[in-house]
>>> print(open('data_9.cif').read())   # mmCIF, C-alpha atoms
data_my_file
loop_
_atom_site.group_PDB
_atom_site.id
_atom_site.type_symbol
_atom_site.label_atom_id
_atom_site.label_comp_id
_atom_site.auth_asym_id
_atom_site.auth_seq_id
_atom_site.Cartn_x
_atom_site.Cartn_y
_atom_site.Cartn_z
ATOM 1 C CA MET A 23 -8.232 1.507 -23.390
ATOM 2 C CA VAL A 24 -6.867 1.403 -19.832
ATOM 3 C CA LYS A 25 -9.002 3.156 -17.248
ATOM 4 C CA ASP A 26 -7.493 6.359 -15.868
ATOM 5 C CA PHE A 27 -7.210 6.246 -12.073
ATOM 6 C CA THR A 28 -5.742 9.735 -11.740
ATOM 7 C CA ARG A 29 -6.925 11.564 -8.608
ATOM 8 C CA GLN A 30 -6.322 15.138 -7.501
ATOM 9 C CA ILE A 31 -3.875 15.749 -4.654
ATOM 10 C CA THR A 32 -5.737 16.461 -1.422
ATOM 11 C CA HIS A 33 -2.813 16.808 1.018
ATOM 12 C CA GLU A 34 0.735 18.064 0.478
ATOM 13 C CA ASP A 35 2.210 17.062 3.847
ATOM 14 C CA TYR A 36 1.474 16.413 7.525
ATOM 15 C CA GLY A 37 1.573 20.021 8.626
ATOM 16 C CA LYS A 38 3.136 20.823 11.999
ATOM 17 C CA ALA A 39 3.257 17.124 12.890
ATOM 18 C CA GLU A 40 5.606 16.329 9.987
ATOM 19 C CA VAL A 41 8.867 16.604 11.963
ATOM 20 C CA GLY A 42 7.646 14.445 14.811
ATOM 21 C CA LEU A 43 6.148 11.771 12.559
ATOM 22 C CA LYS A 44 9.376 11.441 10.597
ATOM 23 C CA LYS A 45 11.057 10.436 13.871
ATOM 24 C CA TYR A 46 8.359 7.857 14.651
ATOM 25 C CA TYR A 47 10.223 4.718 15.752
ATOM 26 C CA HIS A 48 7.818 2.466 13.803
ATOM 27 C CA LYS A 49 8.560 4.330 10.580
ATOM 28 C CA VAL A 50 9.338 2.235 7.482
ATOM 29 C CA ASP A 51 11.528 3.952 4.908
ATOM 30 C CA LYS A 52 10.841 3.793 1.180
ATOM 31 C CA VAL A 53 13.514 1.241 0.353
ATOM 32 C CA ILE A 54 13.500 -1.947 -1.710
ATOM 33 C CA PHE A 55 14.675 -4.040 1.228
ATOM 34 C CA GLU A 56 14.292 -7.447 -0.428
ATOM 35 C CA ALA A 57 12.794 -9.209 -3.398
ATOM 36 C CA PRO A 58 9.023 -8.599 -3.146
ATOM 37 C CA TYR A 59 6.174 -11.020 -3.619
ATOM 38 C CA SER A 60 5.666 -11.783 -7.321
ATOM 39 C CA PHE A 61 2.075 -11.439 -8.484
ATOM 40 C CA SER A 62 0.881 -13.725 -11.231
ATOM 41 C CA GLU A 63 -1.621 -12.716 -13.882
ATOM 42 C CA GLU A 64 -4.044 -15.310 -12.501
ATOM 43 C CA GLU A 65 -3.897 -13.822 -8.983
ATOM 44 C CA ILE A 66 -4.793 -10.370 -10.248
ATOM 45 C CA LYS A 67 -7.753 -11.748 -12.203
ATOM 46 C CA LYS A 68 -9.042 -13.424 -9.040
ATOM 47 C CA GLY A 69 -8.875 -10.074 -7.224
ATOM 48 C CA GLY A 70 -7.093 -10.714 -3.946
ATOM 49 C CA VAL A 71 -5.037 -8.013 -2.228
ATOM 50 C CA ILE A 72 -4.604 -6.368 -5.657
ATOM 51 C CA ASN A 73 -7.262 -6.406 -8.368
ATOM 52 C CA PHE A 74 -5.689 -4.378 -11.213
ATOM 53 C CA VAL A 75 -2.169 -3.674 -12.463
ATOM 54 C CA SER A 76 -0.655 -1.845 -15.419
ATOM 55 C CA GLN A 77 2.506 0.144 -16.104
ATOM 56 C CA TYR A 78 0.672 3.199 -14.751
ATOM 57 C CA PHE A 79 -1.683 2.087 -11.973
ATOM 58 C CA ILE A 80 -2.291 -0.506 -9.292
ATOM 59 C CA THR A 81 -5.624 -0.684 -7.495
ATOM 60 C CA LYS A 82 -6.617 -2.606 -4.399
ATOM 61 C CA PRO A 83 -10.168 -3.840 -3.789
ATOM 62 C CA ASP A 84 -12.558 -1.928 -1.550
ATOM 63 C CA VAL A 85 -12.849 -3.916 1.690
ATOM 64 C CA SER A 86 -14.729 -1.250 3.638
ATOM 65 C CA ASN A 87 -17.874 -3.405 3.764
ATOM 66 C CA ALA A 88 -16.084 -5.793 6.107
ATOM 67 C CA LEU A 89 -16.332 -3.468 9.126
ATOM 68 C CA PRO A 90 -20.122 -2.910 9.121
ATOM 69 C CA LEU A 91 -20.825 -6.524 8.148
ATOM 70 C CA ILE A 92 -18.708 -7.957 10.962
ATOM 71 C CA LEU A 93 -19.872 -5.467 13.580
ATOM 72 C CA GLY A 94 -23.464 -5.699 12.411
ATOM 73 C CA GLY A 95 -23.421 -9.493 12.367
ATOM 74 C CA VAL A 96 -21.935 -9.808 15.848
ATOM 75 C CA SER A 97 -24.249 -7.183 17.350
ATOM 76 C CA LEU A 98 -27.315 -8.748 15.694
ATOM 77 C CA ALA A 99 -26.352 -12.153 17.096
ATOM 78 C CA MET A 100 -25.970 -10.633 20.568
ATOM 79 C CA ILE A 101 -29.380 -8.949 20.321
ATOM 80 C CA ILE A 102 -31.028 -12.233 19.305
ATOM 81 C CA ILE A 103 -29.396 -14.009 22.254
ATOM 82 C CA PHE A 104 -30.558 -11.320 24.676
ATOM 83 C CA LEU A 105 -34.137 -11.484 23.340
ATOM 84 C CA MET A 106 -34.416 -15.244 23.698
ATOM 85 C CA PRO A 107 -36.979 -16.264 26.369
ATOM 86 C CA THR A 108 -35.406 -16.749 29.791
ATOM 87 C CA GLU A 109 -36.499 -16.708 33.404
ATOM 88 C CA GLU A 110 -33.514 -14.672 34.474
ATOM 89 C CA LYS A 111 -34.137 -11.026 35.239
ATOM 90 C CA TRP A 112 -32.109 -8.396 33.467
ATOM 91 C CA THR A 113 -29.529 -6.750 35.667
ATOM 92 C CA LEU A 114 -27.486 -3.656 34.906
ATOM 93 C CA MET A 115 -24.727 -5.418 32.916
ATOM 94 C CA PRO A 116 -27.042 -7.253 30.472
ATOM 95 C CA ILE A 117 -28.904 -3.981 29.885
ATOM 96 C CA ILE A 118 -25.613 -2.215 29.105
ATOM 97 C CA PHE A 119 -24.452 -4.957 26.704
ATOM 98 C CA PHE A 120 -27.857 -5.055 25.006
ATOM 99 C CA SER A 121 -27.813 -1.267 24.561
ATOM 100 C CA ILE A 122 -24.290 -1.364 23.120
ATOM 101 C CA SER A 123 -25.329 -4.102 20.697
ATOM 102 C CA CYS A 124 -28.323 -2.058 19.524
ATOM 103 C CA VAL A 125 -26.221 1.064 19.007
ATOM 104 C CA THR A 126 -23.548 -0.936 17.162
ATOM 105 C CA LEU A 127 -26.140 -2.528 14.877
ATOM 106 C CA ILE A 128 -27.683 0.859 14.052
ATOM 107 C CA PHE A 129 -24.212 2.321 13.389
ATOM 108 C CA SER A 130 -23.302 -0.602 11.116
ATOM 109 C CA ILE A 131 -26.474 -0.268 9.049
ATOM 110 C CA ILE A 132 -26.121 3.490 8.661
ATOM 111 C CA TYR A 133 -22.416 3.266 7.818
ATOM 112 C CA PHE A 134 -22.938 0.466 5.284
ATOM 113 C CA PHE A 135 -25.428 2.527 3.263
ATOM 114 C CA THR A 136 -23.907 6.011 3.669
ATOM 115 C CA LYS A 137 -20.125 5.549 3.600
ATOM 116 C CA PRO A 138 -18.322 7.181 0.652
ATOM 117 C CA LYS A 139 -16.597 5.163 -2.060
ATOM 118 C CA LYS A 140 -13.278 3.895 -0.723
ATOM 119 C CA GLU A 141 -10.268 3.743 -3.052
ATOM 120 C CA LYS A 142 -6.669 2.602 -2.748
ATOM 121 C CA ILE A 143 -4.652 3.474 -5.855
ATOM 122 C CA LEU A 144 -0.952 3.593 -6.671
ATOM 123 C CA ASN A 145 -0.297 5.964 -9.555
ATOM 124 C CA ARG A 146 3.200 5.091 -10.819
ATOM 125 C CA ARG A 147 2.965 7.555 -13.700
ATOM 126 C CA ASP A 148 2.504 10.639 -11.508
ATOM 127 C CA GLY A 149 3.993 9.361 -8.246
ATOM 128 C CA LEU A 150 0.694 9.575 -6.341
ATOM 129 C CA VAL A 151 -1.057 7.323 -3.839
ATOM 130 C CA THR A 152 -4.752 7.430 -2.960
ATOM 131 C CA MET A 153 -5.891 5.872 0.315
ATOM 132 C CA GLU A 154 -9.308 5.631 1.895
ATOM 133 C CA GLY A 155 -10.330 8.132 4.561
ATOM 134 C CA ALA A 156 -11.377 6.985 8.009
ATOM 135 C CA LEU A 157 -15.095 6.139 8.289
ATOM 136 C CA TRP A 158 -17.062 8.891 6.472
ATOM 137 C CA GLN A 159 -14.008 10.995 5.598
ATOM 138 C CA PRO A 160 -13.198 11.381 1.878
ATOM 139 C CA ASN A 161 -10.284 9.610 0.224
ATOM 140 C CA ILE A 162 -6.804 11.070 0.576
ATOM 141 C CA THR A 163 -4.315 11.541 -2.280
ATOM 142 C CA MET A 164 -0.679 12.418 -1.634
ATOM 143 C CA ARG A 165 2.633 12.128 -3.386
ATOM 144 C CA PHE A 166 4.192 8.768 -2.597
ATOM 145 C CA LYS A 167 7.439 10.445 -1.564
ATOM 146 C CA ASP A 168 5.588 12.506 1.064
ATOM 147 C CA ILE A 169 3.614 9.687 2.703
ATOM 148 C CA ILE A 170 4.980 8.386 6.002
ATOM 149 C CA PHE A 171 4.733 4.610 6.305
ATOM 150 C CA CYS A 172 5.056 2.602 9.498
ATOM 151 C CA TYR A 173 4.434 -0.878 10.843
ATOM 152 C CA SER A 174 1.666 -2.028 13.144
ATOM 153 C CA THR A 175 2.374 -3.162 16.703
ATOM 154 C CA GLY A 176 -0.389 -5.763 16.969
ATOM 155 C CA GLY A 177 -1.778 -7.086 20.245
ATOM 156 C CA ASP A 178 -0.006 -8.388 23.331
ATOM 157 C CA ASN A 179 0.482 -11.725 21.558
ATOM 158 C CA ALA A 180 1.997 -9.932 18.523
ATOM 159 C CA ILE A 181 -0.886 -11.010 16.261
ATOM 160 C CA GLY A 182 -1.268 -8.340 13.580
ATOM 161 C CA ALA A 183 2.192 -6.899 14.211
ATOM 162 C CA PHE A 184 4.676 -5.715 11.574
ATOM 163 C CA LYS A 185 2.026 -4.995 8.939
ATOM 164 C CA LEU A 186 2.661 -2.058 6.617
ATOM 165 C CA GLU A 187 0.503 1.010 7.233
ATOM 166 C CA ALA A 188 0.310 4.545 5.852
ATOM 167 C CA ILE A 189 -0.320 7.416 8.263
ATOM 168 C CA ARG A 190 -3.253 9.587 7.207
ATOM 169 C CA PRO A 191 -2.367 13.305 7.152
ATOM 170 C CA ASN A 192 -5.737 14.603 8.352
ATOM 171 C CA ASN A 193 -6.132 12.711 11.640
ATOM 172 C CA PHE A 194 -2.949 10.579 11.915
ATOM 173 C CA THR A 195 -4.858 7.303 11.873
ATOM 174 C CA PHE A 196 -3.527 4.330 9.908
ATOM 175 C CA SER A 197 -4.439 2.872 6.525
ATOM 176 C CA MET A 198 -3.363 -0.741 5.976
ATOM 177 C CA PHE A 199 -1.100 -1.319 2.946
ATOM 178 C CA ASN A 200 -0.570 -4.993 2.226
ATOM 179 C CA ALA A 201 0.841 -6.589 -0.913
ATOM 180 C CA GLY A 202 0.748 -10.309 -0.291
ATOM 181 C CA ALA A 203 3.639 -10.490 2.172
ATOM 182 C CA SER A 204 3.601 -11.516 5.833
ATOM 183 C CA GLU A 205 5.624 -8.519 7.010
ATOM 184 C CA CYS A 206 6.030 -4.818 6.316
ATOM 185 C CA TYR A 207 9.469 -4.758 4.694
ATOM 186 C CA GLN A 208 8.564 -7.057 1.817
ATOM 187 C CA ASP A 209 5.358 -5.115 1.215
ATOM 188 C CA MET A 210 7.299 -1.842 1.316
ATOM 189 C CA SER A 211 9.762 -3.341 -1.164
ATOM 190 C CA PHE A 212 6.966 -4.096 -3.607
ATOM 191 C CA PHE A 213 5.318 -0.672 -3.402
ATOM 192 C CA THR A 214 8.643 1.189 -3.574
ATOM 193 C CA TRP A 215 9.804 -0.859 -6.553
ATOM 194 C CA TYR A 216 6.557 -0.232 -8.406
ATOM 195 C CA MET A 217 6.443 3.481 -7.576
ATOM 196 C CA ASP A 218 10.046 3.992 -8.701
ATOM 197 C CA LYS A 219 9.118 4.659 -12.314
ATOM 198 C CA ASN A 220 12.801 4.846 -13.264
ATOM 199 C CA ARG A 221 13.231 1.142 -12.489
ATOM 200 C CA PRO A 222 11.756 -1.794 -14.418
ATOM 201 C CA LEU A 223 8.360 -3.051 -13.297
ATOM 202 C CA PRO A 224 8.440 -5.492 -10.335
ATOM 203 C CA PRO A 225 8.794 -9.242 -10.899
ATOM 204 C CA GLY A 226 5.729 -11.342 -11.620
ATOM 205 C CA THR A 227 3.772 -12.367 -14.721
ATOM 206 C CA ALA A 228 1.083 -9.814 -13.839
ATOM 207 C CA PHE A 229 3.360 -7.111 -15.313
ATOM 208 C CA ASP A 230 4.685 -8.994 -18.337
ATOM 209 C CA ALA A 231 2.222 -7.448 -20.783
ATOM 210 C CA TYR A 232 3.468 -3.945 -19.877
ATOM 211 C CA ARG A 233 7.237 -4.442 -19.637
ATOM 212 C CA GLU A 234 8.124 -3.645 -23.244
ATOM 213 C CA GLU A 235 6.131 -0.404 -23.303
ATOM 214 C CA ASP A 236 7.556 0.639 -19.933
ATOM 215 C CA PHE A 237 11.101 -0.086 -21.138
ATOM 216 C CA LYS A 238 10.600 2.028 -24.259
ATOM 217 C CA ARG A 239 9.231 4.885 -22.145
ATOM 218 C CA ARG A 240 12.298 4.862 -19.870
ATOM 219 C CA LYS A 241 14.606 4.578 -22.862
ATOM 220 C CA THR A 242 12.996 7.624 -24.482
ATOM 221 C CA GLU A 243 13.553 9.517 -21.225
ATOM 222 C CA GLY A 244 17.243 8.559 -21.256
ATOM 223 C CA PHE A 245 16.985 5.998 -18.458
ATOM 224 C CA PRO A 246 16.927 8.472 -15.537
ATOM 225 C CA PRO A 247 18.493 7.152 -12.296
ATOM 226 C CA PRO A 248 16.303 5.425 -9.692
ATOM 227 C CA LEU A 249 14.260 7.492 -7.272
ATOM 228 C CA TYR A 250 14.616 5.182 -4.266
ATOM 229 C CA VAL A 251 17.327 2.998 -2.753
ATOM 230 C CA SER A 252 17.418 -0.742 -3.386
ATOM 231 C CA ASN A 253 19.206 -3.466 -1.416
ATOM 232 C CA VAL A 254 18.594 -6.021 -4.172
ATOM 233 C CA PRO A 255 19.178 -5.955 -7.930
ATOM 234 C CA THR A 256 16.289 -4.751 -10.082
ATOM 235 C CA PRO A 257 17.225 -6.019 -13.542
ATOM 236 C CA GLU A 258 15.503 -5.511 -16.855
ATOM 237 C CA ALA A 259 13.275 -8.237 -18.317
ATOM 238 C CA THR A 260 15.848 -9.407 -20.894
ATOM 239 C CA PRO A 261 19.671 -9.410 -21.105
ATOM 240 C CA GLU A 262 19.464 -7.220 -24.209
ATOM 241 C CA GLN A 263 17.446 -4.595 -22.344
ATOM 242 C CA GLN A 264 19.851 -4.821 -19.400
ATOM 243 C CA ILE A 265 22.844 -4.080 -21.631
ATOM 244 C CA GLU A 266 21.049 -1.133 -23.187
ATOM 245 C CA ARG A 267 20.145 0.339 -19.810
ATOM 246 C CA GLU A 268 23.654 -0.092 -18.424
ATOM 247 C CA LYS A 269 24.881 2.381 -21.007
ATOM 248 C CA PHE A 270 23.280 4.934 -18.664
ATOM 249 C CA TRP A 271 23.343 3.355 -15.174
ATOM 250 C CA LYS A 272 23.838 0.022 -13.509
ATOM 251 C CA GLU A 273 23.706 -1.597 -10.120
ATOM 252 C CA GLU A 274 26.749 -2.934 -8.305
ATOM 253 C CA PHE A 275 27.116 -4.412 -4.865
ATOM 254 C CA ILE A 276 29.700 -3.539 -2.267
ATOM 255 C CA LYS A 277 30.584 -5.027 1.110
ATOM 256 C CA VAL A 278 30.398 -2.831 4.177
ATOM 257 C CA ASP A 279 32.501 -3.892 7.182
ATOM 258 C CA GLY A 280 33.026 -7.232 5.489
ATOM 259 C CA LYS A 281 29.408 -8.307 6.012
ATOM 260 C CA THR A 282 26.545 -6.195 4.760
ATOM 261 C CA ILE A 283 26.006 -6.205 1.015
ATOM 262 C CA LYS A 284 24.302 -3.165 -0.400
ATOM 263 C CA TYR A 285 23.394 -2.339 -3.968
ATOM 264 C CA ILE A 286 24.264 1.064 -5.313
ATOM 265 C CA THR A 287 23.444 2.888 -8.511
ATOM 266 C CA GLN A 288 26.266 4.074 -10.720
ATOM 267 C CA LEU A 289 25.800 6.575 -13.517
ATOM 268 C CA GLU A 290 28.058 6.147 -16.489
ATOM 269 C CA ASN A 291 26.962 8.849 -18.894
ATOM 270 C CA GLN A 292 27.113 11.908 -16.673
#
>>> encode(input="data_9.cif", output="structure tokens")
Amino acid sequence: MVKDFTRQITHEDYGKAEVGLKKYYHKVDKVIFEAPYSFSEEEIKKGGVINFVSQYFITKPDVSNALPLILGGVSLAMIIIFLMPTEEKWTLMPIIFFSISCVTLIFSIIYFFTKPKKEKILNRRDGLVTMEGALWQPNITMRFKDIIFCYSTGGDNAIGAFKLEAIRPNNFTFSMFNAGASECYQDMSFFTWYMDKNRPLPPGTAFDAYREEDFKRRKTEGFPPPLYVSNVPTPEATPEQQIEREKFWKEEFIKVDGKTIKYITQLENQ
């Protein structure tokens, strides 16, 4: 029996900030921009950026221990260095750095043992996403269609830039959303493809065990049209399934201005 990762919705929208955030120039739309990274069954078993998949849920591992361990380790090392015997007298700056290291170590220990359980869940069945809250804040669950995604800017040297992030609705901080790609648009393609429950499951052997059941579910529902736009084809697992689906809708490409190729959905039985 597959574990149920259903969580109750905690936030409906972004309140008064919604209009402004939708105009955010780092915003990443929910589009299948390109073919996403294909997860193998072996990768999921190893538990990397994703540690569970099914036709209903994807979960990502809890990495919240990294912050207190890194901060605590660095601050502890600094404290040890400061406490090593030396003939030099402590001036104001060493005292300040030592104090900061002590406070950081105390914070790291307290946070490590008191932080709430952090979860990151994609619920394809109900169209919901759960993301971890900042620090001691509880987890947040919203409808995927209502979450505003953006890309990170990184530092002055661009390290850490163009990573996919979700904006939290309670304090407008950012939750990292990575899916094995090096940039935001491929990660967004993967999450959008998976969360579009009217499309086949994304490519990759990790989903092979669930494709037949997912196909039958969509067939029973009459193959409803896709929920989100795709710039690449999203075919069924087999030619036979593809033919059966195309009795209801299919994808075709068109050229715009003689260059750009876009994929569109066409309904046939309307």
>>> closest_residue(input="data_9.cif", among="A:Thr126, A:Phe237, A:Pro116, A:Glu63", to="Leu93 (chain A)", atoms="all atoms listed in the file")
A:Thr126
>>> residues_around(input="data_9.cif", residues="Cys206 (chain A)", least_positions_apart="3", cutoff="7 Å", atoms="all atoms listed in the file", output="PyMOL selection string")
chain A and resi 173+184-186+209-210
>>> residues_around(input="data_9.cif", residues="Asp236 (chain A)", least_positions_apart="6", cutoff="8 Å", atoms="only C-alpha atoms", output="mmCIF file with C-alpha atoms, in the coordinates of the input")
data_model
loop_
_atom_site.group_PDB
_atom_site.id
_atom_site.type_symbol
_atom_site.label_atom_id
_atom_site.label_comp_id
_atom_site.auth_asym_id
_atom_site.auth_seq_id
_atom_site.Cartn_x
_atom_site.Cartn_y
_atom_site.Cartn_z
ATOM 1 C CA GLN A 77 2.506 0.144 -16.104
ATOM 2 C CA PRO A 222 11.756 -1.794 -14.418
ATOM 3 C CA LEU A 223 8.360 -3.051 -13.297
#
>>> resolve_selection(input="data_9.cif", expression="the PyMOL selection byres ((chain A and resi 156) around 12)", output="list in words")
Ser86, Leu89, Tyr133, Lys137, Pro138, Lys139, Lys140, Glu141, Met153, Glu154, Gly155, Leu157, Trp158, Gln159, Pro160, Asn161, Ile162, Ile189, Arg190, Pro191, Asn192, Asn193, Phe194, Thr195, Phe196, Ser197 and Met198 of chain A
>>> write_last_selection(input="data_9.cif", atoms="C-alpha atoms", output="PDB file, in the frame of the given file")
ATOM      1  CA  SER A  86     -14.729  -1.250   3.638  1.00  0.00           C
ATOM      2  CA  LEU A  89     -16.332  -3.468   9.126  1.00  0.00           C
ATOM      3  CA  TYR A 133     -22.416   3.266   7.818  1.00  0.00           C
ATOM      4  CA  LYS A 137     -20.125   5.549   3.600  1.00  0.00           C
ATOM      5  CA  PRO A 138     -18.322   7.181   0.652  1.00  0.00           C
ATOM      6  CA  LYS A 139     -16.597   5.163  -2.060  1.00  0.00           C
ATOM      7  CA  LYS A 140     -13.278   3.895  -0.723  1.00  0.00           C
ATOM      8  CA  GLU A 141     -10.268   3.743  -3.052  1.00  0.00           C
ATOM      9  CA  MET A 153      -5.891   5.872   0.315  1.00  0.00           C
ATOM     10  CA  GLU A 154      -9.308   5.631   1.895  1.00  0.00           C
ATOM     11  CA  GLY A 155     -10.330   8.132   4.561  1.00  0.00           C
ATOM     12  CA  LEU A 157     -15.095   6.139   8.289  1.00  0.00           C
ATOM     13  CA  TRP A 158     -17.062   8.891   6.472  1.00  0.00           C
ATOM     14  CA  GLN A 159     -14.008  10.995   5.598  1.00  0.00           C
ATOM     15  CA  PRO A 160     -13.198  11.381   1.878  1.00  0.00           C
ATOM     16  CA  ASN A 161     -10.284   9.610   0.224  1.00  0.00           C
ATOM     17  CA  ILE A 162      -6.804  11.070   0.576  1.00  0.00           C
ATOM     18  CA  ILE A 189      -0.320   7.416   8.263  1.00  0.00           C
ATOM     19  CA  ARG A 190      -3.253   9.587   7.207  1.00  0.00           C
ATOM     20  CA  PRO A 191      -2.367  13.305   7.152  1.00  0.00           C
ATOM     21  CA  ASN A 192      -5.737  14.603   8.352  1.00  0.00           C
ATOM     22  CA  ASN A 193      -6.132  12.711  11.640  1.00  0.00           C
ATOM     23  CA  PHE A 194      -2.949  10.579  11.915  1.00  0.00           C
ATOM     24  CA  THR A 195      -4.858   7.303  11.873  1.00  0.00           C
ATOM     25  CA  PHE A 196      -3.527   4.330   9.908  1.00  0.00           C
ATOM     26  CA  SER A 197      -4.439   2.872   6.525  1.00  0.00           C
ATOM     27  CA  MET A 198      -3.363  -0.741   5.976  1.00  0.00           C
TER      28      MET A 198
END
>>> resolve_selection(input="data_9.cif", expression="the PyMOL selection byres ((chain A and resi 61) around 7)", output="mmCIF file with C-alpha atoms, in the coordinates of the input")
data_model
loop_
_atom_site.group_PDB
_atom_site.id
_atom_site.type_symbol
_atom_site.label_atom_id
_atom_site.label_comp_id
_atom_site.auth_asym_id
_atom_site.auth_seq_id
_atom_site.Cartn_x
_atom_site.Cartn_y
_atom_site.Cartn_z
ATOM 1 C CA TYR A 59 6.174 -11.020 -3.619
ATOM 2 C CA SER A 60 5.666 -11.783 -7.321
ATOM 3 C CA SER A 62 0.881 -13.725 -11.231
ATOM 4 C CA GLU A 63 -1.621 -12.716 -13.882
ATOM 5 C CA GLU A 65 -3.897 -13.822 -8.983
ATOM 6 C CA GLY A 226 5.729 -11.342 -11.620
ATOM 7 C CA THR A 227 3.772 -12.367 -14.721
ATOM 8 C CA ALA A 228 1.083 -9.814 -13.839
#
>>> closest_residue(input="data_9.cif", among="A:Ser252, A:Asn200, A:Asn145, A:Asn87", to="Ser174 (chain A)", atoms="only C-alpha atoms")
A:Asn200
>>> residues_around(input="data_9.cif", residues="Tyr207 (chain A)", least_positions_apart="6", cutoff="12 Å", atoms="all atoms listed in the file", output="tab-separated table (two decimals) with C-alpha atoms, keeping the file's coordinate frame")
chain	number	residue	atom	x	y	z
A	48	HIS	CA	7.82	2.47	13.80
A	49	LYS	CA	8.56	4.33	10.58
A	50	VAL	CA	9.34	2.24	7.48
A	51	ASP	CA	11.53	3.95	4.91
A	52	LYS	CA	10.84	3.79	1.18
A	53	VAL	CA	13.51	1.24	0.35
A	54	ILE	CA	13.50	-1.95	-1.71
A	55	PHE	CA	14.68	-4.04	1.23
A	56	GLU	CA	14.29	-7.45	-0.43
A	57	ALA	CA	12.79	-9.21	-3.40
A	58	PRO	CA	9.02	-8.60	-3.15
A	59	TYR	CA	6.17	-11.02	-3.62
A	171	PHE	CA	4.73	4.61	6.30
A	172	CYS	CA	5.06	2.60	9.50
A	173	TYR	CA	4.43	-0.88	10.84
A	174	SER	CA	1.67	-2.03	13.14
A	184	PHE	CA	4.68	-5.72	11.57
A	185	LYS	CA	2.03	-5.00	8.94
A	186	LEU	CA	2.66	-2.06	6.62
A	187	GLU	CA	0.50	1.01	7.23
A	199	PHE	CA	-1.10	-1.32	2.95
A	200	ASN	CA	-0.57	-4.99	2.23
A	201	ALA	CA	0.84	-6.59	-0.91
A	213	PHE	CA	5.32	-0.67	-3.40
A	214	THR	CA	8.64	1.19	-3.57
A	215	TRP	CA	9.80	-0.86	-6.55
A	253	ASN	CA	19.21	-3.47	-1.42
>>> atom_distance(input="data_9.cif", atom1="CA of Gly95 (chain A)", atom2="CA of Ser130 (chain A)")
9.0 Å
>>> resolve_selection(input="data_9.cif", expression="the PyMOL selection byres ((chain A and resi 258) around 9)", output="NGL selection string")
:A and (221-223 or 233 or 237 or 256-257 or 259-265 or 267)
>>> axis_aligned_box(input="data_9.cif", around="region 54-63 of chain A", padding_each_side="3 Å", output="AutoDock Vina command-line options")
--center_x 6.5 --center_y -7.8 --center_z -6.3 --size_x 22.3 --size_y 17.8 --size_z 21.1
>>> atom_distance(input="data_9.cif", atom1="CA of Thr108 (chain A)", atom2="CA of Ser121 (chain A)")
18.0 Å
>>> closest_residue(input="data_9.cif", among="A:Pro90, A:Thr32, A:Gly244, A:Thr81", to="Phe134 (chain A)", atoms="all atoms listed in the file")
A:Pro90
>>> atom_distance(input="data_9.cif", atom1="CA of His33 (chain A)", atom2="CA of Thr152 (chain A)")
10.4 Å
>>> closest_residue(input="data_9.cif", among="A:Arg147, A:Lys25, A:Lys38, A:Lys44", to="Ile169 (chain A)", atoms="all atoms listed in the file")
A:Lys44
>>> closest_residue(input="data_9.cif", among="A:Pro83, A:Met164, A:Asp148, A:Leu127", to="Ile31 (chain A)", atoms="only C-alpha atoms")
A:Met164
>>> residues_near_point(input="data_9.cif", point="(16.7, 6.6, -25.5)", cutoff="12 Å", atoms="all atoms listed in the file", output="list in words")
Phe237, Lys238, Arg239, Arg240, Lys241, Thr242, Glu243, Gly244, Phe245, Pro246, Gln263, Glu266, Arg267, Glu268, Lys269 and Phe270 of chain A
>>> decode(input="data_9.cif", residues="region 71-90 of chain A", atoms="C-alpha atoms", output="compact mmCIF listing (two decimals), in the first residue's frame")
# COMPACT_ATOMS: atom_id res chain seq x y z
CA VAL A 71 17.13 15.22 -4.86
CA ILE A 72 14.00 13.02 -4.92
CA ASN A 73 13.49 10.01 -2.66
CA PHE A 74 9.99 8.75 -3.60
CA VAL A 75 7.81 8.77 -6.71
CA SER A 76 4.45 7.31 -7.68
CA GLN A 77 1.57 8.29 -9.95
CA TYR A 78 0.20 10.35 -7.05
CA PHE A 79 3.12 11.76 -5.06
CA ILE A 80 6.73 12.86 -5.23
CA THR A 81 8.68 13.59 -2.06
CA LYS A 82 12.04 15.25 -1.60
CA PRO A 83 14.37 14.44 1.30
CA ASP A 84 14.53 16.65 4.37
CA VAL A 85 17.82 18.58 4.16
CA SER A 86 17.07 20.98 7.01
CA ASN A 87 19.81 19.44 9.17
CA ALA A 88 22.41 20.89 6.82
CA LEU A 89 21.99 24.46 8.10
CA PRO A 90 22.60 23.82 11.83
